[in-house]
file start09.cif (mmCIF, C-alpha atoms)
data_query
loop_
_atom_site.label_atom_id
_atom_site.label_comp_id
_atom_site.auth_asym_id
_atom_site.auth_seq_id
_atom_site.Cartn_x
_atom_site.Cartn_y
_atom_site.Cartn_z
CA MET A 1 13.25 0.30 8.91
CA LEU A 2 11.07 1.28 5.98
CA LEU A 3 7.73 0.08 7.34
CA THR A 4 5.80 0.15 10.59
CA GLU A 5 4.73 -3.12 12.16
CA ALA A 6 1.11 -2.47 11.16
CA GLU A 7 2.21 -1.90 7.58
CA ARG A 8 4.28 -5.09 7.46
CA GLU A 9 1.40 -7.08 8.92
CA TYR A 10 -1.03 -5.64 6.42
CA LEU A 11 1.24 -6.39 3.45
CA SER A 12 1.70 -9.98 4.56
CA SER A 13 -2.10 -10.39 4.75
CA GLN A 14 -2.65 -9.39 1.11
CA ILE A 15 -2.12 -11.66 -1.90
CA LEU A 16 -2.00 -9.18 -4.78
CA GLY A 17 -0.91 -5.60 -5.33
CA ARG A 18 -1.24 -3.47 -8.45
CA LEU A 19 1.87 -2.15 -10.13
CA ALA A 20 1.95 1.02 -12.20
CA THR A 21 4.82 1.34 -14.67
CA VAL A 22 5.46 3.79 -17.49
CA ALA A 23 6.46 3.03 -21.07
CA PRO A 24 9.18 5.10 -22.76
CA ASP A 25 6.45 7.04 -24.63
CA GLY A 26 4.86 8.08 -21.32
CA MET A 27 1.87 5.71 -21.36
CA PRO A 28 1.19 4.10 -17.97
CA GLN A 29 0.07 0.53 -17.49
CA ASN A 30 -1.34 -1.17 -14.41
CA ASN A 31 -1.03 -4.85 -13.51
CA PRO A 32 -1.96 -7.12 -10.63
CA VAL A 33 1.25 -8.60 -9.20
CA SER A 34 2.64 -10.76 -6.44
CA PHE A 35 4.95 -8.90 -4.09
CA ARG A 36 6.78 -9.18 -0.82
CA TYR A 37 8.53 -6.82 1.51
CA ASN A 38 12.23 -7.71 1.55
CA PRO A 39 13.65 -6.91 4.99
CA GLU A 40 17.25 -7.47 3.84
CA THR A 41 17.15 -4.77 1.20
CA ASP A 42 14.28 -2.71 2.67
CA THR A 43 12.55 -2.88 -0.70
CA ILE A 44 9.31 -4.19 -2.16
CA ASP A 45 10.12 -7.07 -4.53
CA ILE A 46 7.69 -8.03 -7.30
CA GLY A 47 7.74 -11.33 -9.18
CA GLY A 48 5.73 -13.51 -11.50
CA ARG A 49 5.66 -16.64 -13.61
CA ARG A 50 7.07 -14.95 -16.69
CA MET A 51 8.21 -11.61 -15.34
CA GLY A 52 11.17 -11.28 -17.71
CA ALA A 53 8.91 -11.49 -20.76
CA THR A 54 6.48 -8.78 -19.63
CA ARG A 55 6.09 -5.23 -20.74
CA LYS A 56 6.09 -4.02 -17.14
CA PHE A 57 9.60 -5.47 -16.75
CA ARG A 58 10.76 -3.70 -19.92
CA ASN A 59 9.07 -0.49 -18.76
CA VAL A 60 11.07 -0.59 -15.53
CA GLU A 61 14.27 -1.32 -17.45
CA ALA A 62 13.57 1.73 -19.60
CA THR A 63 12.20 4.28 -17.15
CA GLY A 64 13.34 3.10 -13.70
CA ARG A 65 10.16 4.08 -11.85
CA ALA A 66 7.16 2.25 -10.45
CA ALA A 67 4.25 2.63 -8.02
CA LEU A 68 2.68 -0.29 -6.16
CA VAL A 69 -0.64 -0.05 -4.37
CA VAL A 70 -1.90 -2.74 -2.01
CA ASP A 71 -5.41 -2.05 -0.77
CA ASP A 72 -8.72 -3.64 0.06
CA ILE A 73 -12.17 -2.86 1.35
CA ALA A 74 -12.11 -3.73 5.05
CA SER A 75 -15.84 -3.12 5.43
CA VAL A 76 -18.61 -2.02 3.09
CA ASN A 77 -21.06 -0.95 5.80
CA PRO A 78 -19.66 1.13 7.38
CA TRP A 79 -17.46 1.99 4.41
CA ARG A 80 -13.87 1.44 5.44
CA VAL A 81 -10.96 1.12 3.05
CA ARG A 82 -7.31 0.58 3.84
CA GLY A 83 -4.09 0.27 1.96
CA ILE A 84 -0.59 1.44 1.26
CA GLU A 85 1.04 2.92 -1.81
CA PHE A 86 4.74 3.00 -2.64
CA ARG A 87 6.23 5.27 -5.30
CA GLY A 88 9.87 5.30 -6.18
CA ARG A 89 12.88 4.12 -8.08
CA ALA A 90 12.63 0.61 -9.50
CA GLU A 91 15.15 -1.89 -10.81
CA ALA A 92 14.56 -4.73 -13.29
CA LEU A 93 16.80 -7.52 -11.96
CA ARG A 94 17.66 -10.89 -13.55
CA ASP A 95 19.03 -14.11 -12.06
CA GLN A 96 17.35 -13.62 -8.72
CA PRO A 97 15.92 -16.23 -6.34
CA PRO A 98 12.27 -16.56 -7.39
CA LEU A 99 9.81 -14.91 -5.05
CA ARG A 100 7.70 -18.07 -5.02
CA PRO A 101 7.98 -21.59 -6.45
CA GLY A 102 7.25 -21.51 -10.18
CA PHE A 103 8.12 -17.85 -10.60
CA SER A 104 10.77 -16.81 -13.09
CA PRO A 105 14.18 -15.49 -11.96
CA GLU A 106 13.46 -11.85 -12.78
CA ILE A 107 12.13 -9.42 -10.21
CA ILE A 108 11.19 -5.77 -10.07
CA ARG A 109 12.75 -4.22 -6.97
CA LEU A 110 10.97 -1.08 -5.82
CA HIS A 111 12.88 1.37 -3.62
CA PRO A 112 10.12 3.51 -2.12
CA GLN A 113 10.72 7.23 -2.01
CA ARG A 114 7.17 8.12 -1.05
CA ILE A 115 4.83 6.02 1.12
CA LEU A 116 1.13 6.69 1.68
CA ALA A 117 -0.84 4.49 4.07
CA TRP A 118 -4.50 4.76 5.06
CA GLY A 119 -6.85 2.95 7.41
CA LEU A 120 -4.20 0.54 8.73
CA ASP A 121 -4.55 1.42 12.40
CA GLY A 122 -8.07 0.19 12.97
CA GLU A 123 -11.13 2.36 13.00
CA ALA A 124 -9.86 5.70 11.82
CA MET A 125 -9.71 6.90 8.22
CA SER A 126 -6.18 8.00 9.00
CA MET A 127 -3.69 8.93 6.28
CA ASN A 128 0.03 8.70 6.82
CA ALA A 129 2.20 10.19 4.06
CA ARG A 130 5.98 10.32 4.27
CA SER A 131 9.05 10.63 2.12
CA VAL A 132 11.83 8.13 2.74
CA MET B 1 -19.26 -0.61 -28.65
CA LEU B 2 -16.07 -0.54 -26.61
CA LEU B 3 -16.78 -3.54 -24.38
CA THR B 4 -18.15 -7.04 -24.67
CA GLU B 5 -21.17 -8.00 -22.61
CA ALA B 6 -18.97 -10.15 -20.32
CA GLU B 7 -16.67 -7.18 -19.77
CA ARG B 8 -19.55 -4.82 -18.95
CA GLU B 9 -21.02 -7.35 -16.54
CA TYR B 10 -17.68 -7.85 -14.83
CA LEU B 11 -17.08 -4.11 -14.45
CA SER B 12 -20.49 -3.58 -12.91
CA SER B 13 -19.74 -6.35 -10.38
CA GLN B 14 -16.60 -4.66 -9.04
CA ILE B 15 -16.53 -1.78 -6.57
CA LEU B 16 -12.99 -0.45 -6.96
CA GLY B 17 -10.40 -0.19 -9.68
CA ARG B 18 -6.82 1.07 -9.46
CA LEU B 19 -5.77 4.05 -11.50
CA ALA B 20 -2.20 4.65 -12.67
CA THR B 21 -1.32 8.22 -13.55
CA VAL B 22 2.02 9.87 -14.26
CA ALA B 23 3.38 13.10 -12.81
CA PRO B 24 5.12 15.63 -15.07
CA ASP B 25 8.49 14.38 -13.80
CA GLY B 26 7.67 10.83 -14.95
CA MET B 27 6.88 9.30 -11.56
CA PRO B 28 3.83 7.03 -11.61
CA GLN B 29 1.28 6.78 -8.84
CA ASN B 30 -1.44 4.23 -8.25
CA ASN B 31 -4.73 4.80 -6.46
CA PRO B 32 -7.90 2.85 -5.69
CA VAL B 33 -10.81 4.61 -7.36
CA SER B 34 -14.52 4.39 -8.07
CA PHE B 35 -15.33 4.08 -11.75
CA ARG B 36 -18.13 3.35 -14.17
CA TYR B 37 -18.39 2.54 -17.83
CA ASN B 38 -20.18 5.39 -19.55
CA PRO B 39 -22.18 4.02 -22.50
CA GLU B 40 -22.94 7.49 -23.85
CA THR B 41 -19.32 8.44 -24.36
CA ASP B 42 -17.89 4.90 -24.55
CA THR B 43 -15.39 5.87 -21.87
CA ILE B 44 -14.45 4.81 -18.38
CA ASP B 45 -15.29 7.63 -15.96
CA ILE B 46 -13.55 7.91 -12.59
CA GLY B 47 -14.76 9.98 -9.67
CA GLY B 48 -14.27 10.57 -5.97
CA ARG B 49 -15.22 12.65 -2.98
CA ARG B 50 -12.51 15.23 -3.56
CA MET B 51 -11.28 14.35 -7.02
CA GLY B 52 -10.45 17.93 -8.02
CA ALA B 53 -8.03 18.30 -5.12
CA THR B 54 -6.06 15.15 -5.85
CA ARG B 55 -2.66 14.69 -7.41
CA LYS B 56 -4.05 12.08 -9.80
CA PHE B 57 -6.40 14.71 -11.22
CA ARG B 58 -3.48 17.15 -11.64
CA ASN B 59 -1.39 14.39 -13.20
CA VAL B 60 -4.07 13.77 -15.81
CA GLU B 61 -4.37 17.51 -16.47
CA ALA B 62 -0.61 17.63 -17.04
CA THR B 63 0.12 14.42 -18.92
CA GLY B 64 -3.23 13.31 -20.41
CA ARG B 65 -2.71 9.58 -19.90
CA ALA B 66 -3.99 6.96 -17.47
CA ALA B 67 -4.34 3.21 -17.00
CA LEU B 68 -7.14 1.61 -14.98
CA VAL B 69 -7.06 -2.01 -13.86
CA VAL B 70 -10.10 -3.76 -12.40
CA ASP B 71 -9.31 -7.27 -11.22
CA ASP B 72 -9.96 -9.79 -8.50
CA ILE B 73 -9.17 -13.33 -7.44
CA ALA B 74 -12.12 -15.44 -8.56
CA SER B 75 -10.78 -18.55 -6.82
CA VAL B 76 -7.67 -19.30 -4.75
CA ASN B 77 -7.83 -23.08 -5.15
CA PRO B 78 -7.73 -23.60 -8.05
CA TRP B 79 -5.93 -20.33 -8.64
CA ARG B 80 -8.07 -18.26 -10.97
CA VAL B 81 -7.70 -14.54 -11.51
CA ARG B 82 -9.66 -12.28 -13.80
CA GLY B 83 -9.71 -8.66 -14.75
CA ILE B 84 -9.49 -5.98 -17.36
CA GLU B 85 -7.01 -3.18 -17.97
CA PHE B 86 -7.57 0.00 -19.94
CA ARG B 87 -4.74 2.22 -21.15
CA GLY B 88 -5.26 5.42 -23.03
CA ARG B 89 -5.82 9.10 -23.28
CA ALA B 90 -7.41 10.72 -20.24
CA GLU B 91 -9.16 14.01 -19.62
CA ALA B 92 -9.50 15.89 -16.32
CA LEU B 93 -13.03 17.36 -16.49
CA ARG B 94 -14.72 19.85 -14.15
CA ASP B 95 -18.40 20.70 -13.59
CA GLN B 96 -19.63 17.20 -14.38
CA PRO B 97 -22.56 15.29 -12.87
CA PRO B 98 -21.03 13.42 -9.91
CA LEU B 99 -20.56 9.69 -10.49
CA ARG B 100 -22.22 8.98 -7.14
CA PRO B 101 -23.95 10.99 -4.41
CA GLY B 102 -21.32 12.82 -2.36
CA PHE B 103 -18.71 12.82 -5.08
CA SER B 104 -17.20 16.08 -6.28
CA PRO B 105 -18.00 17.47 -9.76
CA GLU B 106 -14.63 16.55 -11.28
CA ILE B 107 -14.08 13.32 -13.16
CA ILE B 108 -11.24 11.66 -15.00
CA ARG B 109 -12.52 10.39 -18.35
CA LEU B 110 -10.44 7.57 -19.78
CA HIS B 111 -10.60 6.92 -23.53
CA PRO B 112 -9.17 3.41 -23.84
CA GLN B 113 -6.70 2.85 -26.66
CA ARG B 114 -5.60 -0.57 -25.46
CA ILE B 115 -7.75 -3.11 -23.60
CA LEU B 116 -6.49 -6.32 -22.01
CA ALA B 117 -8.97 -8.74 -20.43
CA TRP B 118 -8.27 -12.08 -18.76
CA GLY B 119 -10.32 -14.83 -17.18
CA LEU B 120 -13.67 -13.18 -17.89
CA ASP B 121 -15.22 -16.00 -19.88
CA GLY B 122 -15.46 -18.58 -17.14
CA GLU B 123 -12.97 -21.38 -16.65
CA ALA B 124 -10.20 -20.54 -19.06
CA MET B 125 -7.15 -18.40 -18.33
CA SER B 126 -7.88 -16.62 -21.55
CA MET B 127 -6.26 -13.32 -22.50
CA ASN B 128 -7.87 -10.93 -24.90
CA ALA B 129 -5.72 -7.95 -25.97
CA ARG B 130 -6.91 -5.41 -28.50
CA SER B 131 -6.29 -1.88 -29.65
CA VAL B 132 -9.32 0.35 -30.06
#

call {"tool": "encode", "arguments": {"input": "start09.cif", "output": "C-alpha cells"}}
result
Amino acid sequence: MLLTEAEREYLSSQILGRLATVAPDGMPQNNPVSFRYNPETDTIDIGGRRMGATRKFRNVEATGRAALVVDDIASVNPWRVRGIEFRGRAEALRDQPPLRPGFSPEIIRLHPQRILAWGLDGEAMSMNARSV
Amino acid sequence: MLLTEAEREYLSSQILGRLATVAPDGMPQNNPVSFRYNPETDTIDIGGRRMGATRKFRNVEATGRAALVVDDIASVNPWRVRGIEFRGRAEALRDQPPLRPGFSPEIIRLHPQRILAWGLDGEAMSMNARSV
C-alpha cells in the first residue's frame, strides 16, 4: 500500500492539488488540478474538463515526469501547515473512465517514486520522507 | 509594470503559493512557499525559514527555471476558481534581506516570462495569458 491511512484521509479531504510538469525545453509549469488516489493501481490520477487539450498533458506525454503537491494551512495562529508531495513517473492516458462527471477521458497517472508528507499526524510539524 | 492592479491585489491577499522547480535529472518537485511581488525589480521573490538548505534552492541554482502558481477556490457553489501562474527564469540569491522576520537570507527570484491569470476580475471565468 502506497499511502498511510492518515495520508489517504487527508487526500480525500482536499479538493485541489497543484501539478508540476516540465516542457521538453525544461521549463516547468504549475497548475491546480483535481486528483484522486487510485487504490487499484496504487497511483495518483489527475483529471479535468479538457485534460487532453492541455499543455500539462502534452508535457507528461513528452517528459514522463510530474510532481503533485496537496497542502493547506491547518491553522494560522498557531501556524500549522500540512500536506503531501508526490514526485515520480507519469503517464498521459487516453480513453479512461473520467475521474468525475463532466471530465474528459484523458488522465495523468502519477506513479510516485518519492513521497514527502508533513503535519498530517496532528500537532507535530513532523516530516515523513520516503522512496517507494 | 509586470502586473495589473487586480493581480497585485490578489497576490497580496494570498498567504501561500506553490513553486515548481526541476532537478538536474529532469524530475520536477512542487512546494508550498511564501512569496511577494517585488515592485523594485518587477519580480516574484520567494523565501523561507531555511531556503538555502532546500532542494528547490539547489534546483534553481542548477537549472535556472521555476513556475509559481497562486490560486484558490473563490466559491464552491457556484464553482469559481481563480489564480495566477508565473513561468520563467529564476535566480537563487544569497545574502538578501529576508522576505519576512525569521526567514533565511536566501531567496528565489522569479523573472516571469509567461503569465496566466484566471477568474481575477470578478464573476467571469476569464483567462488572460501573456508573454512578458

call {"tool": "closest_atom_pairs", "arguments": {"input": "start09.cif", "of": "stretch 32-102 of chain B", "to": "stretch 114-123 of chain B", "cutoff": "12 Å", "atoms": "only C-alpha atoms", "output": "CSV"}}
result
residue,atom,partner,partner_atom,distance
B:Thr43,CA,B:Ile115,CA,11.9
B:Ile44,CA,B:Ile115,CA,11.6
B:Arg65,CA,B:Arg114,CA,11.9
B:Ala66,CA,B:Arg114,CA,11.1
B:Ala67,CA,B:Arg114,CA,9.4
B:Leu68,CA,B:Ile115,CA,9.8
B:Val69,CA,B:Leu116,CA,9.2
B:Val70,CA,B:Ala117,CA,9.5
B:Asp71,CA,B:Trp118,CA,9.0
B:Asp72,CA,B:Gly119,CA,10.0
B:Ile73,CA,B:Gly119,CA,9.9
B:Ala74,CA,B:Gly119,CA,8.8
B:Ser75,CA,B:Glu123,CA,10.5
B:Pro78,CA,B:Glu123,CA,10.3
B:Trp79,CA,B:Glu123,CA,10.7
B:Arg80,CA,B:Gly119,CA,7.4
B:Val81,CA,B:Gly119,CA,6.3
B:Arg82,CA,B:Gly119,CA,4.3
B:Gly83,CA,B:Trp118,CA,5.5
B:Ile84,CA,B:Ala117,CA,4.2
B:Glu85,CA,B:Leu116,CA,5.1
B:Phe86,CA,B:Ile115,CA,4.8
B:Arg87,CA,B:Arg114,CA,5.2
B:Gly88,CA,B:Arg114,CA,6.5
B:Arg89,CA,B:Arg114,CA,9.9

call {"tool": "resolve_selection", "arguments": {"input": "start09.cif", "expression": "the PyMOL selection byres ((chain A and resi 54) around 12)", "output": "PyMOL selection string"}}
result
chain A and resi 21+23+29+31+33+47-53+55-61+92+104+106-108

call {"tool": "atom_distance", "arguments": {"input": "start09.cif", "atom1": "atom CA of A:Ile46", "atom2": "atom CA of A:Met127"}}
result
24.5 Å

call {"tool": "closest_residue", "arguments": {"input": "start09.cif", "among": "B:Ser34, B:Pro101, B:Ala90, B:Leu2", "to": "B:Gln14", "atoms": "all atoms listed in the file"}}
result
B:Ser34

call {"tool": "closest_residue", "arguments": {"input": "start09.cif", "among": "A:Asp45, A:Asp25, A:Glu40, A:Asp95", "to": "chain B", "atoms": "only C-alpha atoms"}}
result
A:Asp25

call {"tool": "closest_residue", "arguments": {"input": "start09.cif", "among": "A:Gln96, A:Thr4, A:Thr41, A:Gln113", "to": "chain B", "atoms": "all atoms listed in the file"}}
result
A:Gln113

call {"tool": "atom_distance", "arguments": {"input": "start09.cif", "atom1": "atom CA of B:Val132", "atom2": "atom CA of B:Leu110"}}
result
12.6 Å

call {"tool": "atom_distance", "arguments": {"input": "start09.cif", "atom1": "atom CA of A:Met1", "atom2": "atom CA of A:Asn128"}}
result
15.8 Å

call {"tool": "closest_residue", "arguments": {"input": "start09.cif", "among": "B:Arg130, B:Phe103, B:Gly26, B:Glu9", "to": "chain A", "atoms": "all atoms listed in the file"}}
result
B:Gly26

call {"tool": "closest_residue", "arguments": {"input": "start09.cif", "among": "A:Pro97, A:Gly102, A:Pro39, A:Pro28", "to": "B:Thr63", "atoms": "all atoms listed in the file"}}
result
A:Pro28

call {"tool": "closest_residue", "arguments": {"input": "start09.cif", "among": "B:Leu3, B:Ile15, B:Arg8, B:Ala20", "to": "chain A", "atoms": "all atoms listed in the file"}}
result
B:Ala20

call {"tool": "residues_near_point", "arguments": {"input": "start09.cif", "point": "(-23.7, 7.4, -12.8)", "cutoff": "8 Å", "atoms": "only C-alpha atoms", "output": "PyMOL selection string"}}
result
chain B and resi 36+38+97-100

call {"tool": "decode", "arguments": {"input": "start09.cif", "residues": "stretch 17-47 of chain B", "atoms": "N, CA, C and O atoms", "output": "PDB file, in the first residue's frame"}}
result
ATOM      1  N   GLY B  17       1.937  30.270  -2.086  1.00  0.00           N
ATOM      2  CA  GLY B  17       1.903  29.815  -3.456  1.00  0.00           C
ATOM      3  C   GLY B  17       2.559  28.453  -3.528  1.00  0.00           C
ATOM      4  O   GLY B  17       3.051  27.932  -2.516  1.00  0.00           O
ATOM      5  N   ARG B  18       2.570  27.852  -4.705  1.00  0.00           N
ATOM      6  CA  ARG B  18       3.266  26.572  -4.883  1.00  0.00           C
ATOM      7  C   ARG B  18       4.289  26.737  -5.991  1.00  0.00           C
ATOM      8  O   ARG B  18       3.941  27.196  -7.081  1.00  0.00           O
ATOM      9  N   LEU B  19       5.509  26.325  -5.670  1.00  0.00           N
ATOM     10  CA  LEU B  19       6.637  26.552  -6.564  1.00  0.00           C
ATOM     11  C   LEU B  19       7.097  25.251  -7.195  1.00  0.00           C
ATOM     12  O   LEU B  19       7.463  24.306  -6.487  1.00  0.00           O
ATOM     13  N   ALA B  20       7.070  25.204  -8.519  1.00  0.00           N
ATOM     14  CA  ALA B  20       7.617  24.067  -9.267  1.00  0.00           C
ATOM     15  C   ALA B  20       9.050  24.386  -9.667  1.00  0.00           C
ATOM     16  O   ALA B  20       9.315  25.438 -10.250  1.00  0.00           O
ATOM     17  N   THR B  21       9.947  23.462  -9.336  1.00  0.00           N
ATOM     18  CA  THR B  21      11.331  23.558  -9.785  1.00  0.00           C
ATOM     19  C   THR B  21      11.708  22.223 -10.406  1.00  0.00           C
ATOM     20  O   THR B  21      10.975  21.238 -10.279  1.00  0.00           O
ATOM     21  N   VAL B  22      12.847  22.188 -11.058  1.00  0.00           N
ATOM     22  CA  VAL B  22      13.249  20.977 -11.785  1.00  0.00           C
ATOM     23  C   VAL B  22      14.674  20.614 -11.385  1.00  0.00           C
ATOM     24  O   VAL B  22      15.571  21.464 -11.420  1.00  0.00           O
ATOM     25  N   ALA B  23      14.874  19.361 -11.009  1.00  0.00           N
ATOM     26  CA  ALA B  23      16.205  18.883 -10.661  1.00  0.00           C
ATOM     27  C   ALA B  23      17.038  18.700 -11.932  1.00  0.00           C
ATOM     28  O   ALA B  23      16.489  18.619 -13.039  1.00  0.00           O
ATOM     29  N   PRO B  24      18.363  18.610 -11.782  1.00  0.00           N
ATOM     30  CA  PRO B  24      19.210  18.413 -12.972  1.00  0.00           C
ATOM     31  C   PRO B  24      18.845  17.165 -13.775  1.00  0.00           C
ATOM     32  O   PRO B  24      19.045  17.140 -14.990  1.00  0.00           O
ATOM     33  N   ASP B  25      18.288  16.147 -13.134  1.00  0.00           N
ATOM     34  CA  ASP B  25      17.907  14.935 -13.878  1.00  0.00           C
ATOM     35  C   ASP B  25      16.527  15.047 -14.533  1.00  0.00           C
ATOM     36  O   ASP B  25      16.045  14.077 -15.110  1.00  0.00           O
ATOM     37  N   GLY B  26      15.892  16.230 -14.426  1.00  0.00           N
ATOM     38  CA  GLY B  26      14.606  16.438 -15.090  1.00  0.00           C
ATOM     39  C   GLY B  26      13.384  16.189 -14.231  1.00  0.00           C
ATOM     40  O   GLY B  26      12.261  16.409 -14.688  1.00  0.00           O
ATOM     41  N   MET B  27      13.575  15.724 -12.995  1.00  0.00           N
ATOM     42  CA  MET B  27      12.414  15.451 -12.136  1.00  0.00           C
ATOM     43  C   MET B  27      11.892  16.746 -11.518  1.00  0.00           C
ATOM     44  O   MET B  27      12.655  17.478 -10.884  1.00  0.00           O
ATOM     45  N   PRO B  28      10.615  17.035 -11.686  1.00  0.00           N
ATOM     46  CA  PRO B  28      10.049  18.224 -11.042  1.00  0.00           C
ATOM     47  C   PRO B  28       9.766  17.979  -9.562  1.00  0.00           C
ATOM     48  O   PRO B  28       9.625  16.839  -9.113  1.00  0.00           O
ATOM     49  N   GLN B  29       9.704  19.069  -8.807  1.00  0.00           N
ATOM     50  CA  GLN B  29       9.154  18.998  -7.452  1.00  0.00           C
ATOM     51  C   GLN B  29       8.272  20.210  -7.257  1.00  0.00           C
ATOM     52  O   GLN B  29       8.294  21.151  -8.054  1.00  0.00           O
ATOM     53  N   ASN B  30       7.457  20.163  -6.203  1.00  0.00           N
ATOM     54  CA  ASN B  30       6.407  21.161  -6.040  1.00  0.00           C
ATOM     55  C   ASN B  30       6.241  21.445  -4.557  1.00  0.00           C
ATOM     56  O   ASN B  30       5.965  20.536  -3.778  1.00  0.00           O
ATOM     57  N   ASN B  31       6.430  22.702  -4.161  1.00  0.00           N
ATOM     58  CA  ASN B  31       6.458  23.028  -2.738  1.00  0.00           C
ATOM     59  C   ASN B  31       5.657  24.273  -2.410  1.00  0.00           C
ATOM     60  O   ASN B  31       5.771  25.275  -3.112  1.00  0.00           O
ATOM     61  N   PRO B  32       4.876  24.229  -1.318  1.00  0.00           N
ATOM     62  CA  PRO B  32       4.240  25.454  -0.837  1.00  0.00           C
ATOM     63  C   PRO B  32       5.301  26.435  -0.351  1.00  0.00           C
ATOM     64  O   PRO B  32       6.249  26.026   0.338  1.00  0.00           O
ATOM     65  N   VAL B  33       5.135  27.693  -0.712  1.00  0.00           N
ATOM     66  CA  VAL B  33       6.148  28.709  -0.403  1.00  0.00           C
ATOM     67  C   VAL B  33       5.487  30.045  -0.079  1.00  0.00           C
ATOM     68  O   VAL B  33       4.371  30.333  -0.506  1.00  0.00           O
ATOM     69  N   SER B  34       6.235  30.858   0.669  1.00  0.00           N
ATOM     70  CA  SER B  34       5.877  32.261   0.871  1.00  0.00           C
ATOM     71  C   SER B  34       6.494  33.080  -0.253  1.00  0.00           C
ATOM     72  O   SER B  34       7.615  32.812  -0.680  1.00  0.00           O
ATOM     73  N   PHE B  35       5.778  34.083  -0.694  1.00  0.00           N
ATOM     74  CA  PHE B  35       6.236  34.861  -1.850  1.00  0.00           C
ATOM     75  C   PHE B  35       5.808  36.310  -1.660  1.00  0.00           C
ATOM     76  O   PHE B  35       4.930  36.625  -0.849  1.00  0.00           O
ATOM     77  N   ARG B  36       6.396  37.189  -2.436  1.00  0.00           N
ATOM     78  CA  ARG B  36       5.849  38.540  -2.569  1.00  0.00           C
ATOM     79  C   ARG B  36       6.242  39.106  -3.929  1.00  0.00           C
ATOM     80  O   ARG B  36       7.289  38.766  -4.489  1.00  0.00           O
ATOM     81  N   TYR B  37       5.395  39.925  -4.446  1.00  0.00           N
ATOM     82  CA  TYR B  37       5.734  40.687  -5.644  1.00  0.00           C
ATOM     83  C   TYR B  37       6.671  41.797  -5.222  1.00  0.00           C
ATOM     84  O   TYR B  37       6.389  42.522  -4.258  1.00  0.00           O
ATOM     85  N   ASN B  38       7.789  41.913  -5.926  1.00  0.00           N
ATOM     86  CA  ASN B  38       8.774  42.944  -5.620  1.00  0.00           C
ATOM     87  C   ASN B  38       8.676  44.047  -6.677  1.00  0.00           C
ATOM     88  O   ASN B  38       9.095  43.866  -7.822  1.00  0.00           O
ATOM     89  N   PRO B  39       8.096  45.209  -6.314  1.00  0.00           N
ATOM     90  CA  PRO B  39       7.889  46.251  -7.327  1.00  0.00           C
ATOM     91  C   PRO B  39       9.189  46.901  -7.787  1.00  0.00           C
ATOM     92  O   PRO B  39       9.229  47.489  -8.865  1.00  0.00           O
ATOM     93  N   GLU B  40      10.253  46.775  -6.990  1.00  0.00           N
ATOM     94  CA  GLU B  40      11.518  47.401  -7.399  1.00  0.00           C
ATOM     95  C   GLU B  40      12.179  46.648  -8.543  1.00  0.00           C
ATOM     96  O   GLU B  40      12.775  47.249  -9.436  1.00  0.00           O
ATOM     97  N   THR B  41      12.079  45.327  -8.485  1.00  0.00           N
ATOM     98  CA  THR B  41      12.725  44.509  -9.519  1.00  0.00           C
ATOM     99  C   THR B  41      11.718  43.935 -10.509  1.00  0.00           C
ATOM    100  O   THR B  41      12.116  43.300 -11.485  1.00  0.00           O
ATOM    101  N   ASP B  42      10.425  44.170 -10.252  1.00  0.00           N
ATOM    102  CA  ASP B  42       9.362  43.588 -11.077  1.00  0.00           C
ATOM    103  C   ASP B  42       9.517  42.064 -11.169  1.00  0.00           C
ATOM    104  O   ASP B  42       9.425  41.461 -12.247  1.00  0.00           O
ATOM    105  N   THR B  43       9.761  41.468 -10.016  1.00  0.00           N
ATOM    106  CA  THR B  43       9.923  40.014  -9.941  1.00  0.00           C
ATOM    107  C   THR B  43       9.031  39.463  -8.834  1.00  0.00           C
ATOM    108  O   THR B  43       8.486  40.214  -8.021  1.00  0.00           O
ATOM    109  N   ILE B  44       8.892  38.155  -8.819  1.00  0.00           N
ATOM    110  CA  ILE B  44       8.256  37.474  -7.701  1.00  0.00           C
ATOM    111  C   ILE B  44       9.374  36.866  -6.866  1.00  0.00           C
ATOM    112  O   ILE B  44      10.160  36.053  -7.369  1.00  0.00           O
ATOM    113  N   ASP B  45       9.467  37.264  -5.600  1.00  0.00           N
ATOM    114  CA  ASP B  45      10.528  36.787  -4.712  1.00  0.00           C
ATOM    115  C   ASP B  45       9.958  35.759  -3.748  1.00  0.00           C
ATOM    116  O   ASP B  45       8.863  35.940  -3.200  1.00  0.00           O
ATOM    117  N   ILE B  46      10.713  34.683  -3.534  1.00  0.00           N
ATOM    118  CA  ILE B  46      10.245  33.550  -2.744  1.00  0.00           C
ATOM    119  C   ILE B  46      11.252  33.274  -1.647  1.00  0.00           C
ATOM    120  O   ILE B  46      12.456  33.170  -1.919  1.00  0.00           O
ATOM    121  N   GLY B  47      10.761  33.192  -0.424  1.00  0.00           N
ATOM    122  CA  GLY B  47      11.650  32.971   0.711  1.00  0.00           C
ATOM    123  C   GLY B  47      11.145  31.880   1.628  1.00  0.00           C
ATOM    124  O   GLY B  47      10.092  31.285   1.392  1.00  0.00           O
TER     125      GLY B  47
END
